[in-house]
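Coordinates as given in start_13.pdb (PDB, C-alpha atoms):
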```pdb
ATOM      1  CA  MET A   1     -47.094 189.598  22.392
ATOM      2  CA  ALA A   2     -45.893 189.339  18.801
ATOM      3  CA  SER A   3     -42.265 188.864  17.998
ATOM      4  CA  ASP A   4     -40.567 191.787  16.302
ATOM      5  CA  GLY A   5     -41.474 190.635  12.796
ATOM      6  CA  GLU A   6     -44.967 189.303  13.438
ATOM      7  CA  MET A   7     -48.372 190.987  13.519
ATOM      8  CA  VAL A   8     -51.228 189.342  15.389
ATOM      9  CA  THR A   9     -54.955 189.929  14.990
ATOM     10  CA  ARG A  10     -56.500 190.291  18.437
ATOM     11  CA  GLU A  11     -60.239 189.908  17.915
ATOM     12  CA  GLN A  12     -60.602 188.419  21.376
ATOM     13  CA  SER A  13     -59.254 191.604  22.965
ATOM     14  CA  VAL A  14     -62.213 193.697  21.774
ATOM     15  CA  PRO A  15     -64.170 194.554  24.937
ATOM     16  CA  GLU A  16     -67.184 192.319  25.526
ATOM     17  CA  ARG A  17     -69.592 195.282  25.293
ATOM     18  CA  THR A  18     -68.685 195.620  21.625
ATOM     19  CA  ARG A  19     -69.636 192.022  20.871
ATOM     20  CA  GLN A  20     -73.242 192.577  21.884
ATOM     21  CA  GLN A  21     -76.036 194.521  20.249
ATOM     22  CA  THR A  22     -76.374 197.725  22.247
ATOM     23  CA  ALA A  23     -78.526 200.848  21.898
ATOM     24  CA  GLY A  24     -79.757 200.020  18.415
ATOM     25  CA  THR A  25     -76.371 199.126  16.917
ATOM     26  CA  ARG A  26     -74.592 195.899  16.045
ATOM     27  CA  THR A  27     -70.847 195.501  16.383
ATOM     28  CA  VAL A  28     -68.886 193.477  13.868
ATOM     29  CA  VAL A  29     -65.238 192.656  13.286
ATOM     30  CA  PRO A  30     -64.407 193.999   9.806
ATOM     31  CA  SER A  31     -62.760 191.774   7.225
ATOM     32  CA  VAL A  32     -59.162 192.769   6.590
ATOM     33  CA  ASP A  33     -56.337 192.004   4.197
ATOM     34  CA  VAL A  34     -52.793 192.465   5.490
ATOM     35  CA  PHE A  35     -49.768 192.940   3.234
ATOM     36  CA  GLU A  36     -46.139 193.492   4.170
ATOM     37  CA  ASN A  37     -43.058 194.584   2.264
ATOM     38  CA  GLU A  38     -39.609 195.871   3.273
ATOM     39  CA  ASP A  39     -40.907 199.373   4.050
ATOM     40  CA  GLU A  40     -44.375 198.997   5.544
ATOM     41  CA  ILE A  41     -47.361 196.930   6.596
ATOM     42  CA  LEU A  42     -50.576 197.697   4.710
ATOM     43  CA  ILE A  43     -53.971 196.858   6.225
ATOM     44  CA  LEU A  44     -57.161 197.085   4.148
ATOM     45  CA  ALA A  45     -60.345 196.928   6.260
ATOM     46  CA  ASP A  46     -63.843 196.687   4.766
ATOM     47  CA  MET A  47     -66.087 199.333   6.375
ATOM     48  CA  PRO A  48     -69.066 199.989   4.083
ATOM     49  CA  GLY A  49     -71.212 203.022   4.862
ATOM     50  CA  VAL A  50     -68.627 204.591   7.174
ATOM     51  CA  ALA A  51     -67.684 208.288   6.989
ATOM     52  CA  SER A  52     -64.105 209.294   7.760
ATOM     53  CA  ASP A  53     -65.193 211.468  10.697
ATOM     54  CA  THR A  54     -66.547 208.373  12.508
ATOM     55  CA  VAL A  55     -63.294 206.395  12.224
ATOM     56  CA  ASP A  56     -60.963 206.209  15.222
ATOM     57  CA  VAL A  57     -57.536 204.627  14.736
ATOM     58  CA  ARG A  58     -55.143 204.420  17.688
ATOM     59  CA  LEU A  59     -51.655 203.003  18.071
ATOM     60  CA  GLU A  60     -50.490 202.609  21.651
ATOM     61  CA  ASN A  61     -47.922 200.216  23.134
ATOM     62  CA  ALA A  62     -47.811 198.079  19.968
ATOM     63  CA  GLU A  63     -51.634 197.782  19.964
ATOM     64  CA  LEU A  64     -53.464 199.070  16.888
ATOM     65  CA  ALA A  65     -57.185 199.632  17.477
ATOM     66  CA  ILE A  66     -59.742 200.461  14.781
ATOM     67  CA  HIS A  67     -63.259 201.665  15.608
ATOM     68  CA  ALA A  68     -65.873 203.139  13.259
ATOM     69  CA  VAL A  69     -69.630 203.717  13.123
ATOM     70  CA  GLN A  70     -71.757 203.208  10.042
ATOM     71  CA  GLN A  71     -74.012 206.145   9.208
ATOM     72  CA  THR A  72     -77.743 205.767   8.622
ATOM     73  CA  ALA A  73     -78.818 205.737   5.002
ATOM     74  CA  GLY A  74     -81.580 208.317   5.254
ATOM     75  CA  GLY A  75     -82.982 211.029   7.468
ATOM     76  CA  SER A  76     -86.041 209.079   8.594
ATOM     77  CA  GLU A  77     -86.058 206.385  11.232
ATOM     78  CA  SER A  78     -86.438 202.949   9.697
ATOM     79  CA  SER A  79     -85.491 199.381  10.447
ATOM     80  CA  PHE A  80     -81.883 200.211   9.515
ATOM     81  CA  VAL A  81     -79.542 199.098  12.305
ATOM     82  CA  PRO A  82     -76.183 200.881  12.109
ATOM     83  CA  LEU A  83     -73.013 198.865  12.555
ATOM     84  CA  GLU A  84     -70.021 199.562  14.732
ATOM     85  CA  PHE A  85     -66.741 198.138  13.477
ATOM     86  CA  ASP A  86     -64.058 197.097  15.974
ATOM     87  CA  ARG A  87     -60.758 195.347  15.339
ATOM     88  CA  MET A  88     -57.477 195.184  17.248
ATOM     89  CA  PHE A  89     -53.994 194.086  16.239
ATOM     90  CA  THR A  90     -50.708 193.632  18.030
ATOM     91  CA  VAL A  91     -48.089 195.142  15.731
ATOM     92  CA  PRO A  92     -44.319 194.650  15.751
ATOM     93  CA  GLN A  93     -42.189 197.075  17.763
ATOM     94  CA  SER A  94     -40.491 197.960  14.473
ATOM     95  CA  ILE A  95     -43.476 200.118  13.422
ATOM     96  CA  ALA A  96     -42.665 203.828  13.565
ATOM     97  CA  PRO A  97     -45.518 205.519  15.510
ATOM     98  CA  ASP A  98     -45.170 208.713  13.456
ATOM     99  CA  GLY A  99     -45.272 206.694  10.240
ATOM    100  CA  VAL A 100     -48.883 205.505  10.501
ATOM    101  CA  SER A 101     -51.442 206.930   8.079
ATOM    102  CA  ALA A 102     -55.106 206.151   7.390
ATOM    103  CA  GLU A 103     -57.331 206.835   4.388
ATOM    104  CA  LEU A 104     -60.964 205.872   3.824
ATOM    105  CA  THR A 105     -62.092 205.456   0.200
ATOM    106  CA  ASP A 106     -65.232 203.726  -1.080
ATOM    107  CA  GLY A 107     -65.817 201.849   2.171
ATOM    108  CA  VAL A 108     -62.257 200.561   2.506
ATOM    109  CA  LEU A 109     -59.987 201.833   5.286
ATOM    110  CA  ARG A 110     -56.363 201.790   4.130
ATOM    111  CA  LEU A 111     -53.805 201.848   6.947
ATOM    112  CA  LYS A 112     -50.116 202.220   6.169
ATOM    113  CA  LEU A 113     -47.749 201.351   8.999
ATOM    114  CA  ALA A 114     -44.213 202.412   8.123
ATOM    115  CA  LYS A 115     -41.350 200.399   9.537
ATOM    116  CA  SER A 116     -38.589 202.203  11.390
ATOM    117  CA  GLU A 117     -35.263 202.522   9.586
ATOM    118  CA  THR A 118     -33.632 200.008  11.934
ATOM    119  CA  ALA A 119     -36.196 197.365  10.941
ATOM    120  CA  LYS A 120     -35.563 197.667   7.202
ATOM    121  CA  PRO A 121     -33.143 195.278   5.526
ATOM    122  CA  LYS A 122     -29.665 196.656   4.891
ATOM    123  CA  ARG A 123     -27.495 195.805   1.906
ATOM    124  CA  ILE A 124     -23.911 195.160   2.939
ATOM    125  CA  LYS A 125     -21.247 196.101   0.424
ATOM    126  CA  VAL A 126     -18.639 193.404  -0.024
ATOM    127  CA  THR A 127     -15.143 194.557  -0.812
ATOM    128  CA  SER A 128     -12.268 192.507  -2.141
ATOM    129  CA  GLY A 129      -9.159 192.392  -0.104
TER     130      GLY A 129
END
```
Could I get this file's structure written as structure tokens?
Amino acid sequence: MASDGEMVTREQSVPERTRQQTAGTRTVVPSVDVFENEDEILILADMPGVASDTVDVRLENAELAIHAVQQTAGGSESSFVPLEFDRMFTVPQSIAPDGVSAELTDGVLRLKLAKSETAKPKRIKVTSG
């Protein structure tokens, strides 16, 4: 488990069935960039060809799971093999569950994970005495 200020990528925790080619799909672990500031953690995941209605993002017990399915390019059957994207992270306990948002734009899934108020740095006023 990650310490309170650390986020861990858990590729190995993706179920084995998702690592194999099944039923005409291939499963891949999407490339991600992770950024952190005082207020939030931002995750950018590359998911080309994915529609927002096929994306499933879940946060449960400090585990963030991302799953999505790439749509076929055309209406006719071809040699196109759709991709399934799976990635898991262990996130710090300081993430506010109600402060998670997701947006898919131009094949990039943007996840914002807001930190709880208690996790944010506090400025202490110094008085003279």
May I ask for the distance between atom CA of A:Pro82 and atom CA of A:Ile41, given in Å to one decimal place?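 Distance between the two atoms: 29.6 Å.
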Under the rule that all atoms listed in the file are counted, which of A:Glu60, A:Asp106, A:Asp98, A:Asp86 is the nearest residue to A:Pro48?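 Ranked by minimum distance to A:Pro48, first place goes to A:Asp106.
Once the PyMOL selection byres ((chain A and resi 113) around 7) is applied to the depicted file, the selected set reads Glu40, Ile41, Leu42, Ile95, Gly99, Val100, Ser101, Leu111, Lys112, Ala114 and Lys115 of chain A.
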For C-alpha atoms, I'd like the residues from the last selection saved as a CSV table (one decimal), in the frame of the given file.
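What ended up in again_32.csv:
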```csv
chain,number,residue,atom,x,y,z
A,40,GLU,CA,-44.4,199.0,5.5
A,41,ILE,CA,-47.4,196.9,6.6
A,42,LEU,CA,-50.6,197.7,4.7
A,95,ILE,CA,-43.5,200.1,13.4
A,99,GLY,CA,-45.3,206.7,10.2
A,100,VAL,CA,-48.9,205.5,10.5
A,101,SER,CA,-51.4,206.9,8.1
A,111,LEU,CA,-53.8,201.8,6.9
A,112,LYS,CA,-50.1,202.2,6.2
A,114,ALA,CA,-44.2,202.4,8.1
A,115,LYS,CA,-41.4,200.4,9.5
```
Taking the file as shown, what set of residues would the PyMOL selection byres ((chain A and resi 65) around 12) give back, as a ChimeraX atom specification? /A:9-11,13-15,29-30,45,55-64,66-68,85-91,111
Applied to the shown file, which residues does the PyMOL selection byres ((chain A and resi 32) around 8) return, written as an NGL selection string? :A and (30-31 or 33-34 or 43-46)
Could you jot down the atom CA of A:Pro121 to atom CA of A:Pro97 separation for me, Å, one decimal place?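 These atoms are spaced 18.9 Å apart.
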Grab the atom CA of A:Ala96 to atom CA of A:Val69 distance for me, in Å with one decimal place. 27.0 Å
Is it possible to get the axis-aligned box enclosing stretch 104-123 of chain A (all listed atoms, 4 Å extra per side) as AutoDock Vina command-line options, with centre and edge lengths in Å rounded to one decimal?
```
--center_x -46.7 --center_y 200.6 --center_z 5.4 --size_x 46.3 --size_y 18.6 --size_z 21.0
```
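When all atoms listed in the file are used to measure the gap to A:Ala51, the shortest distance among A:Glu84, A:Lys120, A:Ser128, A:Thr25 belongs to A:Glu84.
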Hey, what's within 6 Å of A:Val50 if we count all atoms listed in the file and toss same-chain stuff fewer than 2 positions away? As a ChimeraX atom specification, please? /A:47-48,70-71
